[in-house]
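> So that you have it, the file is upload-v8.txt, and it contains compact mmCIF, C-alpha atoms:
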# COMPACT_ATOMS: atom_id res chain seq x y z
CA MET A 1 -2.67 -23.13 12.91
CA LYS A 2 -6.17 -21.99 13.93
CA GLU A 3 -5.57 -21.64 17.64
CA ARG A 4 -2.50 -19.45 17.46
CA LYS A 5 -2.17 -17.17 20.44
CA PRO A 6 -2.43 -13.45 19.70
CA LYS A 7 1.03 -11.99 19.05
CA ASN A 8 2.10 -8.71 20.57
CA VAL A 9 1.57 -6.12 17.83
CA PHE A 10 2.89 -3.21 19.90
CA LYS A 11 6.34 -1.70 19.71
CA GLU A 12 7.66 0.90 22.12
CA GLY A 13 8.19 4.20 20.28
CA ALA A 14 8.31 4.93 16.55
CA ILE A 15 8.65 2.28 13.83
CA SER A 16 11.91 2.93 11.97
CA SER A 17 12.41 2.92 8.21
CA GLU A 18 15.21 0.35 8.73
CA PHE A 19 12.74 -1.98 10.45
CA ILE A 20 10.39 -1.64 7.46
CA GLY A 21 13.23 -2.20 4.97
CA ASN A 22 14.31 -5.33 6.85
CA SER A 23 10.76 -6.61 6.92
CA ILE A 24 10.58 -6.23 3.12
CA ALA A 25 13.95 -7.98 2.71
CA LYS A 26 12.72 -10.99 4.71
CA HIS A 27 10.03 -11.62 2.08
CA GLN A 28 12.43 -12.06 -0.81
CA SER A 29 12.79 -15.77 -0.10
CA LYS A 30 9.00 -16.20 -0.48
CA THR A 31 8.93 -16.58 -4.23
CA SER A 32 5.22 -17.28 -4.54
CA ILE A 33 4.59 -13.62 -3.69
CA GLY A 34 3.92 -11.30 -6.63
CA ALA A 35 2.61 -8.20 -4.86
CA HIS A 36 3.16 -6.46 -1.55
CA ASN A 37 1.09 -3.58 -0.22
CA ILE A 38 2.25 -1.54 2.75
CA PHE A 39 0.37 1.07 4.77
CA LEU A 40 2.29 3.45 7.02
CA GLY A 41 0.62 5.82 9.45
CA GLN A 42 2.79 8.87 10.13
CA VAL A 43 2.23 11.47 12.89
CA ARG A 44 1.20 14.82 11.38
CA ALA A 45 2.36 18.16 12.80
CA ASP A 46 -1.22 19.46 12.68
CA VAL A 47 -1.76 23.08 13.69
CA ILE A 48 -4.79 23.52 15.96
CA GLU A 49 -5.59 27.02 17.20
CA ASP A 50 -2.02 28.22 16.54
CA LYS A 51 -0.46 25.27 18.37
CA THR A 52 1.52 22.61 16.52
CA VAL A 53 1.38 18.89 17.33
CA ALA A 54 4.91 17.80 18.33
CA ALA A 55 4.15 14.15 19.09
CA ILE A 56 1.43 11.63 19.85
CA GLU A 57 1.60 9.52 22.99
CA TYR A 58 -0.12 6.20 22.43
CA THR A 59 -1.66 4.05 25.12
CA ALA A 60 -3.80 0.95 24.63
CA TYR A 61 -5.91 -1.59 26.43
CA GLU A 62 -3.16 -4.00 25.41
CA ASP A 63 -4.73 -7.40 26.08
CA MET A 64 -7.95 -6.50 24.28
CA ALA A 65 -6.04 -4.74 21.48
CA ASN A 66 -3.84 -7.76 20.78
CA GLU A 67 -6.94 -9.97 20.72
CA LYS A 68 -8.61 -7.59 18.26
CA PHE A 69 -5.51 -7.47 16.05
CA HIS A 70 -5.56 -11.26 16.08
CA GLU A 71 -9.26 -11.40 15.13
CA ILE A 72 -8.65 -8.92 12.30
CA ARG A 73 -5.74 -11.07 11.07
CA GLU A 74 -7.83 -14.24 11.08
CA ALA A 75 -10.78 -12.56 9.35
CA THR A 76 -8.49 -11.07 6.69
CA PHE A 77 -6.92 -14.45 5.88
CA GLU A 78 -10.45 -15.87 5.57
CA LYS A 79 -11.58 -13.14 3.17
CA PHE A 80 -8.52 -12.67 0.96
CA ASN A 81 -5.91 -14.91 -0.67
CA LEU A 82 -2.85 -13.67 1.21
CA THR A 83 0.56 -15.27 1.64
CA CYS A 84 1.37 -13.27 4.75
CA MET A 85 0.43 -10.26 6.86
CA HIS A 86 2.25 -8.23 9.50
CA ILE A 87 0.92 -5.48 11.76
CA TYR A 88 2.93 -3.25 14.11
CA HIS A 89 1.59 -0.35 16.18
CA SER A 90 3.54 2.04 18.38
CA LEU A 91 3.00 2.63 22.08
CA GLY A 92 4.45 5.61 23.94
CA THR A 93 5.77 8.72 22.23
CA VAL A 94 5.94 9.05 18.44
CA LYS A 95 7.15 12.42 17.18
CA ALA A 96 5.69 14.29 14.20
CA GLY A 97 7.10 12.77 11.01
CA GLU A 98 7.66 9.38 12.63
CA ILE A 99 5.73 6.21 11.84
CA CYS A 100 3.20 4.78 14.32
CA LEU A 101 1.45 2.06 12.25
CA PHE A 102 2.92 -0.44 9.78
CA VAL A 103 0.61 -2.89 7.99
CA PHE A 104 2.16 -5.22 5.40
CA VAL A 105 0.18 -7.69 3.24
CA SER A 106 1.53 -9.96 0.50
CA SER A 107 -0.15 -12.17 -2.08
CA PRO A 108 0.57 -13.93 -5.35
CA ARG A 109 -1.74 -11.37 -7.06
CA ARG A 110 -2.09 -7.62 -6.77
CA LYS A 111 -5.91 -7.39 -6.72
CA GLU A 112 -5.96 -9.17 -3.37
CA VAL A 113 -3.46 -6.92 -1.62
CA PHE A 114 -5.30 -3.69 -2.40
CA LYS A 115 -8.59 -4.95 -0.98
CA ALA A 116 -6.97 -6.68 1.99
CA LEU A 117 -4.82 -3.73 3.08
CA GLU A 118 -7.66 -1.23 3.12
CA TYR A 119 -9.82 -3.73 5.00
CA VAL A 120 -7.15 -4.30 7.66
CA VAL A 121 -6.45 -0.59 8.21
CA GLU A 122 -10.14 0.32 8.51
CA GLU A 123 -10.74 -2.56 10.92
CA ILE A 124 -7.81 -1.44 13.09
CA LYS A 125 -9.12 2.13 13.22
CA ALA A 126 -12.62 0.93 14.16
CA LYS A 127 -12.02 -1.99 16.49
CA VAL A 128 -8.70 -1.74 18.31
CA PRO A 129 -8.63 0.13 21.65
CA VAL A 130 -5.66 2.44 21.09
CA PHE A 131 -5.71 6.03 22.31
CA GLY A 132 -3.60 8.89 20.96
CA LYS A 133 -2.78 11.98 23.00
CA GLU A 134 -1.67 14.82 20.75
CA VAL A 135 1.03 16.74 22.60
CA PHE A 136 1.67 20.30 21.39
CA GLU A 137 5.01 22.08 21.34
CA ASP A 138 4.04 23.98 24.52
CA SER A 139 3.35 20.61 26.28
CA SER A 140 -0.40 21.13 26.40
CA HIS A 141 -2.39 18.30 24.84
CA GLN A 142 -5.67 17.11 23.37
CA TRP A 143 -7.07 13.64 22.70
CA LYS A 144 -6.95 12.54 19.10
CA VAL A 145 -10.16 11.43 17.40
CA ASN A 146 -9.98 9.34 14.21
CA SER A 147 -11.84 10.64 11.18
CA MET B 1 5.31 23.05 -12.03
CA LYS B 2 2.99 21.94 -14.83
CA GLU B 3 5.60 21.55 -17.56
CA ARG B 4 8.01 19.36 -15.65
CA LYS B 5 10.00 17.12 -17.93
CA PRO B 6 9.37 13.40 -17.49
CA LYS B 7 11.83 11.92 -15.02
CA ASN B 8 13.53 8.60 -15.67
CA VAL B 9 11.52 6.02 -13.76
CA PHE B 10 13.75 3.10 -14.72
CA LYS B 11 16.46 1.55 -12.61
CA GLU B 12 18.88 -1.09 -13.85
CA GLY B 13 18.22 -4.38 -12.05
CA ALA B 14 16.20 -5.10 -8.92
CA ILE B 15 14.96 -2.45 -6.47
CA SER B 16 16.58 -3.15 -3.09
CA SER B 17 14.85 -3.12 0.29
CA GLU B 18 17.48 -0.57 1.45
CA PHE B 19 16.45 1.78 -1.35
CA ILE B 20 12.81 1.47 -0.24
CA GLY B 21 13.74 2.00 3.43
CA ASN B 22 15.73 5.12 2.52
CA SER B 23 12.88 6.44 0.46
CA ILE B 24 10.55 6.07 3.47
CA ALA B 25 13.11 7.81 5.73
CA LYS B 26 13.26 10.82 3.39
CA HIS B 27 9.57 11.48 4.02
CA GLN B 28 9.90 11.90 7.76
CA SER B 29 10.64 15.62 7.40
CA LYS B 30 7.31 16.07 5.56
CA THR B 31 5.13 16.47 8.63
CA SER B 32 1.91 17.22 6.75
CA ILE B 33 1.83 13.56 5.68
CA GLY B 34 -0.41 11.26 7.72
CA ALA B 35 -0.52 8.17 5.49
CA HIS B 36 1.79 6.41 3.07
CA ASN B 37 0.82 3.54 0.80
CA ILE B 38 3.44 1.48 -0.99
CA PHE B 39 3.01 -1.12 -3.72
CA LEU B 40 5.84 -3.52 -4.50
CA GLY B 41 5.83 -5.88 -7.46
CA GLN B 42 7.96 -8.96 -6.81
CA VAL B 43 9.04 -11.56 -9.38
CA ARG B 44 7.30 -14.89 -8.75
CA ALA B 45 9.01 -18.25 -9.27
CA ASP B 46 5.99 -19.51 -11.20
CA VAL B 47 6.08 -23.12 -12.36
CA ILE B 48 4.88 -23.53 -15.96
CA GLU B 49 4.89 -27.04 -17.45
CA ASP B 50 7.42 -28.27 -14.88
CA LYS B 51 9.79 -25.34 -15.47
CA THR B 52 10.39 -22.71 -12.82
CA VAL B 53 10.78 -18.99 -13.55
CA ALA B 54 14.27 -17.94 -12.36
CA ALA B 55 14.12 -14.28 -13.41
CA ILE B 56 12.32 -11.73 -15.56
CA GLU B 57 14.28 -9.64 -18.05
CA TYR B 58 12.58 -6.29 -18.55
CA THR B 59 12.87 -4.12 -21.62
CA ALA B 60 10.88 -0.99 -22.41
CA TYR B 61 10.20 1.56 -25.09
CA GLU B 62 11.90 3.93 -22.68
CA ASP B 63 11.03 7.35 -24.10
CA MET B 64 7.36 6.50 -24.47
CA ALA B 65 7.32 4.72 -21.11
CA ASN B 66 8.75 7.71 -19.24
CA GLU B 67 6.19 9.97 -20.93
CA LYS B 68 3.40 7.60 -19.90
CA PHE B 69 4.69 7.44 -16.31
CA HIS B 70 4.70 11.25 -16.34
CA GLU B 71 1.12 11.45 -17.66
CA ILE B 72 -0.01 8.96 -15.01
CA ARG B 73 1.70 11.08 -12.32
CA GLU B 74 0.02 14.28 -13.51
CA ALA B 75 -3.41 12.63 -13.78
CA THR B 76 -3.06 11.12 -10.30
CA PHE B 77 -2.18 14.48 -8.73
CA GLU B 78 -5.25 15.96 -10.46
CA LYS B 79 -7.56 13.23 -9.14
CA PHE B 80 -6.31 12.74 -5.59
CA ASN B 81 -5.07 14.95 -2.76
CA LEU B 82 -1.49 13.67 -2.58
CA THR B 83 1.57 15.22 -0.98
CA CYS B 84 3.98 13.22 -3.09
CA MET B 85 4.38 10.23 -5.36
CA HIS B 86 7.35 8.15 -6.51
CA ILE B 87 7.51 5.41 -9.14
CA TYR B 88 10.47 3.15 -9.93
CA HIS B 89 10.52 0.26 -12.40
CA SER B 90 13.35 -2.16 -13.11
CA LEU B 91 15.00 -2.76 -16.46
CA GLY B 92 17.20 -5.76 -17.19
CA THR B 93 17.30 -8.88 -15.05
CA VAL B 94 15.28 -9.20 -11.83
CA LYS B 95 15.52 -12.58 -10.12
CA ALA B 96 12.60 -14.44 -8.51
CA GLY B 97 11.95 -12.91 -5.08
CA GLU B 98 13.38 -9.53 -6.08
CA ILE B 99 11.38 -6.33 -6.51
CA CYS B 100 10.73 -4.88 -9.97
CA LEU B 101 8.14 -2.14 -9.27
CA PHE B 102 7.98 0.36 -6.39
CA VAL B 103 5.09 2.83 -6.23
CA PHE B 104 4.91 5.15 -3.21
CA VAL B 105 2.09 7.66 -2.54
CA SER B 106 1.66 9.93 0.49
CA SER B 107 -1.15 12.17 1.66
CA PRO B 108 -2.41 13.92 4.77
CA ARG B 109 -5.32 11.40 4.85
CA ARG B 110 -5.48 7.64 4.41
CA LYS B 111 -8.60 7.47 2.19
CA GLU B 112 -6.71 9.23 -0.59
CA VAL B 113 -3.68 6.95 -0.62
CA PHE B 114 -5.67 3.73 -1.04
CA LYS B 115 -7.56 5.03 -4.07
CA ALA B 116 -4.52 6.74 -5.57
CA LEU B 117 -2.17 3.75 -5.26
CA GLU B 118 -4.51 1.28 -6.92
CA TYR B 119 -5.18 3.80 -9.70
CA VAL B 120 -1.46 4.33 -10.36
CA VAL B 121 -0.63 0.61 -10.42
CA GLU B 122 -3.51 -0.26 -12.76
CA GLU B 123 -2.59 2.62 -15.08
CA ILE B 124 1.04 1.46 -15.20
CA LYS B 125 -0.02 -2.09 -16.07
CA ALA B 126 -2.34 -0.85 -18.83
CA LYS B 127 -0.48 2.05 -20.42
CA VAL B 128 3.28 1.76 -20.00
CA PRO B 129 5.21 -0.13 -22.72
CA VAL B 130 7.32 -2.45 -20.59
CA PHE B 131 7.93 -6.05 -21.62
CA GLY B 132 8.87 -8.92 -19.34
CA LYS B 133 10.66 -12.03 -20.56
CA GLU B 134 10.26 -14.89 -18.07
CA VAL B 135 13.52 -16.84 -18.08
CA PHE B 136 13.32 -20.40 -16.73
CA GLU B 137 15.99 -22.22 -14.78
CA ASP B 138 17.00 -24.12 -17.96
CA SER B 139 17.49 -20.75 -19.77
CA SER B 140 14.46 -21.20 -22.04
CA HIS B 141 11.96 -18.35 -21.87
CA GLN B 142 8.43 -17.13 -22.51
CA TRP B 143 6.96 -13.64 -22.75
CA LYS B 144 5.01 -12.54 -19.71
CA VAL B 145 1.41 -11.38 -20.14
CA ASN B 146 -0.22 -9.28 -17.42
CA SER B 147 -3.49 -10.51 -15.96
CA MET C 1 9.72 9.02 -46.02
CA LEU C 2 12.53 7.17 -44.26
CA LEU C 3 10.99 5.56 -41.18
CA ASN C 4 12.76 4.24 -38.12
CA ILE C 5 10.83 1.12 -37.04
CA LYS C 6 11.32 -0.19 -33.50
CA TYR C 7 10.41 -3.72 -32.42
CA PHE C 8 9.95 -4.81 -28.81
CA GLY C 9 9.70 -8.02 -26.83
CA MET C 10 8.64 -11.09 -28.79
CA LEU C 11 8.38 -9.01 -31.99
CA ALA C 12 12.11 -8.24 -31.87
CA GLU C 13 12.70 -11.99 -31.69
CA ILE C 14 10.80 -12.45 -34.95
CA THR C 15 12.49 -9.58 -36.81
CA ASN C 16 15.84 -10.37 -35.20
CA CYS C 17 16.45 -6.66 -34.67
CA ASN C 18 15.41 -3.91 -32.25
CA GLU C 19 15.14 -1.22 -34.90
CA GLU C 20 15.65 -0.69 -38.59
CA THR C 21 15.10 2.00 -41.20
CA HIS C 22 12.38 1.44 -43.77
CA GLU C 23 11.69 3.53 -46.88
CA PHE C 24 7.93 4.13 -47.02
CA SER C 25 6.12 5.87 -49.85
CA LYS C 26 2.50 5.12 -49.00
CA THR C 27 0.16 6.68 -46.40
CA SER C 28 -1.41 4.60 -43.65
CA VAL C 29 -0.33 2.37 -40.80
CA ASN C 30 -2.18 -0.49 -42.53
CA GLU C 31 -0.10 0.00 -45.66
CA LEU C 32 3.11 0.02 -43.62
CA LEU C 33 2.06 -3.15 -41.81
CA ALA C 34 1.36 -4.89 -45.15
CA GLU C 35 4.96 -4.17 -46.16
CA LEU C 36 6.32 -5.41 -42.83
CA PHE C 37 4.21 -8.59 -43.00
CA ARG C 38 5.73 -9.34 -46.42
CA LYS C 39 9.19 -8.98 -44.91
CA TYR C 40 8.33 -10.85 -41.66
CA PRO C 41 5.39 -13.20 -42.27
CA GLU C 42 5.38 -14.39 -38.65
CA LEU C 43 4.50 -10.87 -37.44
CA GLU C 44 0.99 -11.12 -38.90
CA ALA C 45 -0.18 -13.68 -36.34
CA LYS C 46 1.07 -11.66 -33.39
CA ASP C 47 -0.93 -9.38 -31.10
CA PHE C 48 0.61 -5.89 -31.08
CA LYS C 49 -0.13 -2.17 -31.25
CA VAL C 50 1.52 0.58 -33.25
CA ALA C 51 2.84 3.77 -31.62
CA GLN C 52 3.70 6.98 -33.40
CA ASN C 53 5.01 10.01 -31.49
CA HIS C 54 4.90 7.78 -28.37
CA GLU C 55 1.13 7.37 -28.66
CA ILE C 56 -0.81 4.28 -29.70
CA VAL C 57 -2.52 4.91 -33.06
CA SER C 58 -5.18 2.96 -34.92
CA ASN C 59 -4.20 1.01 -38.02
CA ASP C 60 -6.11 3.34 -40.34
CA SER C 61 -4.18 6.42 -39.12
CA ASN C 62 -1.74 8.14 -41.45
CA ILE C 63 1.97 7.89 -40.84
CA THR C 64 3.17 11.40 -39.94
CA ALA C 65 6.29 10.83 -37.83
CA PRO C 66 9.55 9.07 -38.67
CA GLU C 67 9.62 6.93 -35.51
CA ILE C 68 7.18 4.02 -35.46
CA ALA C 69 7.13 1.35 -32.73
CA LEU C 70 5.50 -2.08 -32.77
CA LEU C 71 4.49 -2.97 -29.21
CA PRO C 72 3.40 -6.42 -28.03
CA PRO C 73 1.10 -6.67 -24.96
CA PHE C 74 2.54 -4.73 -22.02
CA SER C 75 3.75 -6.68 -19.03
CA GLY C 76 5.28 -4.15 -16.67
CA GLY C 77 5.24 -4.47 -12.89
CA MET D 1 -18.33 -8.90 43.39
CA LEU D 2 -15.02 -7.09 43.53
CA LEU D 3 -14.50 -5.48 40.11
CA ASN D 4 -11.29 -4.21 38.60
CA ILE D 5 -12.21 -1.08 36.62
CA LYS D 6 -9.78 0.20 33.99
CA TYR D 7 -9.85 3.74 32.60
CA PHE D 8 -8.15 4.81 29.37
CA GLY D 9 -7.19 8.02 27.61
CA MET D 10 -9.14 11.10 28.63
CA LEU D 11 -11.21 9.03 31.09
CA ALA D 12 -8.07 8.23 33.12
CA GLU D 13 -7.44 11.98 33.30
CA ILE D 14 -10.84 12.45 34.92
CA THR D 15 -10.56 9.60 37.38
CA ASN D 16 -6.88 10.32 38.00
CA CYS D 17 -6.12 6.61 37.89
CA ASN D 18 -5.64 3.84 35.31
CA GLU D 19 -7.41 1.19 37.31
CA GLU D 20 -9.11 0.69 40.64
CA THR D 21 -11.08 -1.97 42.47
CA HIS D 22 -14.77 -1.36 43.06
CA GLU D 23 -17.13 -3.43 45.21
CA PHE D 24 -20.31 -3.97 43.18
CA SER D 25 -23.46 -5.67 44.49
CA LYS D 26 -25.93 -4.88 41.69
CA THR D 27 -26.38 -6.44 38.25
CA SER D 28 -26.08 -4.36 35.09
CA VAL D 29 -23.53 -2.17 33.36
CA ASN D 30 -26.00 0.72 33.73
CA GLU D 31 -26.08 0.23 37.49
CA LEU D 32 -22.29 0.15 37.63
CA LEU D 33 -22.09 3.34 35.56
CA ALA D 34 -24.52 5.09 37.89
CA GLU D 35 -22.17 4.34 40.79
CA LEU D 36 -19.11 5.54 38.83
CA PHE D 37 -20.92 8.74 37.77
CA ARG D 38 -21.61 9.50 41.44
CA LYS D 39 -17.91 9.08 42.17
CA TYR D 40 -16.71 10.95 39.02
CA PRO D 41 -19.46 13.34 37.86
CA GLU D 42 -17.39 14.50 34.86
CA LEU D 43 -17.47 10.99 33.38
CA GLU D 44 -21.16 11.26 32.58
CA ALA D 45 -20.65 13.85 29.81
CA LYS D 46 -17.96 11.77 28.07
CA ASP D 47 -18.34 9.51 25.06
CA PHE D 48 -17.11 6.01 25.92
CA LYS D 49 -17.86 2.30 25.62
CA VAL D 50 -17.68 -0.45 28.22
CA ALA D 51 -15.72 -3.66 27.61
CA GLN D 52 -16.08 -6.89 29.57
CA ASN D 53 -13.94 -9.94 28.74
CA HIS D 54 -12.23 -7.75 26.11
CA GLU D 55 -15.48 -7.28 24.21
CA ILE D 56 -17.62 -4.16 23.96
CA VAL D 57 -20.95 -4.75 25.75
CA SER D 58 -24.17 -2.76 25.76
CA ASN D 59 -25.11 -0.80 28.88
CA ASP D 60 -28.04 -3.09 29.69
CA SER D 61 -25.80 -6.18 29.77
CA ASN D 62 -25.14 -7.91 33.07
CA ILE D 63 -21.75 -7.72 34.70
CA THR D 64 -20.30 -11.25 34.65
CA ALA D 65 -16.52 -10.73 34.69
CA PRO D 66 -14.30 -9.02 37.23
CA GLU D 67 -12.41 -6.89 34.66
CA ILE D 68 -14.35 -3.95 33.24
CA ALA D 69 -12.79 -1.30 30.97
CA LEU D 70 -14.11 2.16 30.09
CA LEU D 71 -12.88 3.02 26.58
CA PRO D 72 -13.08 6.49 25.00
CA PRO D 73 -13.22 6.74 21.17
CA PHE D 74 -10.38 4.77 19.57
CA SER D 75 -7.66 6.70 17.79
CA GLY D 76 -5.08 4.15 16.70
CA GLY D 77 -2.98 4.46 13.56
Is it possible to give me this structure as structure tokens?


Amino acid sequence: MKERKPKNVFKEGAISSEFIGNSIAKHQSKTSIGAHNIFLGQVRADVIEDKTVAAIEYTAYEDMANEKFHEIREATFEKFNLTCMHIYHSLGTVKAGEICLFVFVSSPRRKEVFKALEYVVEEIKAKVPVFGKEVFEDSSHQWKVNS
Amino acid sequence: MKERKPKNVFKEGAISSEFIGNSIAKHQSKTSIGAHNIFLGQVRADVIEDKTVAAIEYTAYEDMANEKFHEIREATFEKFNLTCMHIYHSLGTVKAGEICLFVFVSSPRRKEVFKALEYVVEEIKAKVPVFGKEVFEDSSHQWKVNS
Amino acid sequence: MLLNIKYFGMLAEITNCNEETHEFSKTSVNELLAELFRKYPELEAKDFKVAQNHEIVSNDSNITAPEIALLPPFSGG
Amino acid sequence: MLLNIKYFGMLAEITNCNEETHEFSKTSVNELLAELFRKYPELEAKDFKVAQNHEIVSNDSNITAPEIALLPPFSGG
């Protein structure tokens, strides 16, 4: 199990609510799980100098990003008692209100999922080379910076 | 807004993955939201002295419970910068692998949702009079105690 | 005062009912519990809290409301 | 050594390309950057990190791999 190849975490376009619902449904046969914790990143229609963000276009250094996602996965399983973990990130255009990041952790016990989920999300923000271009309604743009 | 009447948090039976997916979809028109955090409690098929839990039957002191859910809601909105919050808890029979608790918080910023979600879940566990009867496959039972 | 006593979870198994009326002429929660323990001796060994007006009250509180609930440890979620 | 240089995000806007080959005969990341800054003067004012073998390296590291990436601040999620 140790030498698993990095999976492709990226999905083209937004992550749909049906996809998330299906992902939850798939875990109902895993009856050792007592707690799930899900983080969803959603694109905000921020207003910057009178212009409103209509979408974010995501690009990534994909090979490095998938390696980093894989390292984060492995480190998280080392640190926390998790039954399973899933990460999906959008590439390409995600409109305001749509979901661009889906992180899903499950464990027998709730204390583990809270700690693990926050850890995973902060690691993704800090270590994965993904770049968001905020496109305004008038088609001008600026580069997003995480805070 | 302050004197809202407590809503009914309880749903008869398990909370379906479709219900959760639909609830996520409803938030895609709220474009000030940047982060959602979802907690799901799932019934574990624990094995206790060679007997396997097949389901939990939930009962509650409903009036008091809905008031406590309401107080937790109000306190959470006071403490954290949230856009919205939803809580659903099952009553009646929830089989192993099915979902009995769904807590959903949303905010412009991710730091808020992590703190808020854990707070809400711990408050529910500590303050809401809900009682779970673990029913084994042979129909014997024991009363669940939260840890 | 005519009280409506509610029992939940494992306590309702002992009393064999979810609620019952109980004529009470004394003052405190402790005095009420003494009467209930005479009726249901098994209750005395159980871990539970008493709620009045949907709030947990201490056993030396006075009974002021007609609805009293006996609540075993919570196990929601 | 013939390097393959990749540019991402706002850096690709400056260089007007996502990747290019670059013949490099010196040693360190700093020396490579000096050459790139001569070609793209606007790059010098930008905040970015250099990755080699998919790992961030410091600017005084030696270039040992043919694929080098210039990465502006990450903004995933």

> Residues near Ile99 of chain B, anyone? I mean within 6 Å using only C-alpha atoms, not counting same-chain ones fewer than 3 positions away, as an MDAnalysis selection string.

chainID B and resid 14:15 41:42

> Neighbourhood query: residues within 7 Å of (6.5, 0.0, -7.4), file coordinates, counting only C-alpha atoms; return as a PyMOL selection string.

chain B and resi 39-41+87-89+100-104

> Near segment 90-94 of chain A, within 10 Å and counting all atoms listed in the file, which residues show up once chain neighbours fewer than 2 positions away are dropped, as a ChimeraX atom specification?

/A:9-15,42-43,54-60,62,88,96-102,130-135 /D:76-77

> Around (3.1, -1.5, -19.9), as given in the file, which residues come within 8 Å? Count only C-alpha atoms and list them as a VMD selection string.

(chain B and resid 65 124 to 131) or (chain C and resid 73 to 77)

> Select, as JSON, numbers by chain, those residues of chain C with any atom no more than 12 Å from chain B (distances computed using only C-alpha atoms).

{"C": [5, 6, 7, 8, 9, 10, 11, 12, 13, 18, 19, 47, 48, 49, 50, 51, 52, 53, 54, 55, 56, 67, 68, 69, 70, 71, 72, 73, 74, 75, 76, 77]}

> Mind listing as an MDAnalysis selection string which residues of chain B are within 9 Å of chain A, counting all atoms listed in the file?

chainID B and resid 16:25 27:46 96:99 108 110:111 113:114 117:118

> Rotate and translate chain C onto chain D via least squares on all in-order Cα pairs, then write the result as a CSV table (one decimal) with C-alpha atoms, in the frame of the given file.


chain,number,residue,atom,x,y,z
C,1,MET,CA,-18.3,-8.9,43.4
C,2,LEU,CA,-15.0,-7.1,43.5
C,3,LEU,CA,-14.5,-5.5,40.1
C,4,ASN,CA,-11.3,-4.2,38.6
C,5,ILE,CA,-12.2,-1.1,36.6
C,6,LYS,CA,-9.8,0.2,34.0
C,7,TYR,CA,-9.9,3.7,32.6
C,8,PHE,CA,-8.2,4.8,29.4
C,9,GLY,CA,-7.2,8.0,27.6
C,10,MET,CA,-9.1,11.1,28.6
C,11,LEU,CA,-11.2,9.0,31.1
C,12,ALA,CA,-8.1,8.2,33.1
C,13,GLU,CA,-7.4,12.0,33.3
C,14,ILE,CA,-10.9,12.5,34.9
C,15,THR,CA,-10.6,9.6,37.4
C,16,ASN,CA,-6.9,10.3,38.0
C,17,CYS,CA,-6.1,6.6,37.9
C,18,ASN,CA,-5.6,3.9,35.3
C,19,GLU,CA,-7.4,1.2,37.3
C,20,GLU,CA,-9.1,0.7,40.6
C,21,THR,CA,-11.1,-2.0,42.5
C,22,HIS,CA,-14.8,-1.4,43.0
C,23,GLU,CA,-17.1,-3.4,45.2
C,24,PHE,CA,-20.3,-4.0,43.2
C,25,SER,CA,-23.4,-5.7,44.5
C,26,LYS,CA,-25.9,-4.9,41.7
C,27,THR,CA,-26.4,-6.4,38.2
C,28,SER,CA,-26.1,-4.4,35.1
C,29,VAL,CA,-23.5,-2.2,33.4
C,30,ASN,CA,-26.0,0.7,33.7
C,31,GLU,CA,-26.1,0.2,37.5
C,32,LEU,CA,-22.3,0.2,37.6
C,33,LEU,CA,-22.1,3.3,35.6
C,34,ALA,CA,-24.5,5.1,37.9
C,35,GLU,CA,-22.2,4.3,40.8
C,36,LEU,CA,-19.1,5.5,38.8
C,37,PHE,CA,-20.9,8.7,37.8
C,38,ARG,CA,-21.6,9.5,41.4
C,39,LYS,CA,-17.9,9.1,42.2
C,40,TYR,CA,-16.7,10.9,39.0
C,41,PRO,CA,-19.5,13.3,37.8
C,42,GLU,CA,-17.4,14.5,34.9
C,43,LEU,CA,-17.5,11.0,33.4
C,44,GLU,CA,-21.2,11.3,32.6
C,45,ALA,CA,-20.7,13.8,29.8
C,46,LYS,CA,-18.0,11.8,28.1
C,47,ASP,CA,-18.3,9.5,25.1
C,48,PHE,CA,-17.1,6.0,25.9
C,49,LYS,CA,-17.9,2.3,25.6
C,50,VAL,CA,-17.7,-0.5,28.2
C,51,ALA,CA,-15.7,-3.7,27.6
C,52,GLN,CA,-16.1,-6.9,29.6
C,53,ASN,CA,-13.9,-9.9,28.7
C,54,HIS,CA,-12.2,-7.7,26.1
C,55,GLU,CA,-15.5,-7.3,24.2
C,56,ILE,CA,-17.6,-4.2,24.0
C,57,VAL,CA,-21.0,-4.7,25.7
C,58,SER,CA,-24.2,-2.7,25.8
C,59,ASN,CA,-25.1,-0.8,28.9
C,60,ASP,CA,-28.0,-3.1,29.7
C,61,SER,CA,-25.8,-6.2,29.8
C,62,ASN,CA,-25.1,-7.9,33.1
C,63,ILE,CA,-21.7,-7.7,34.7
C,64,THR,CA,-20.3,-11.2,34.6
C,65,ALA,CA,-16.5,-10.7,34.7
C,66,PRO,CA,-14.3,-9.0,37.2
C,67,GLU,CA,-12.4,-6.9,34.7
C,68,ILE,CA,-14.3,-3.9,33.2
C,69,ALA,CA,-12.8,-1.3,31.0
C,70,LEU,CA,-14.1,2.2,30.1
C,71,LEU,CA,-12.9,3.0,26.6
C,72,PRO,CA,-13.1,6.5,25.0
C,73,PRO,CA,-13.2,6.7,21.2
C,74,PHE,CA,-10.4,4.8,19.6
C,75,SER,CA,-7.7,6.7,17.8
C,76,GLY,CA,-5.1,4.1,16.7
C,77,GLY,CA,-3.0,4.4,13.6

> Can you work out the spacing between atom CA of Ser61 of chain D and atom CA of Thr27 of chain D in Å, to one decimal?

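It comes out at 8.5 Å.
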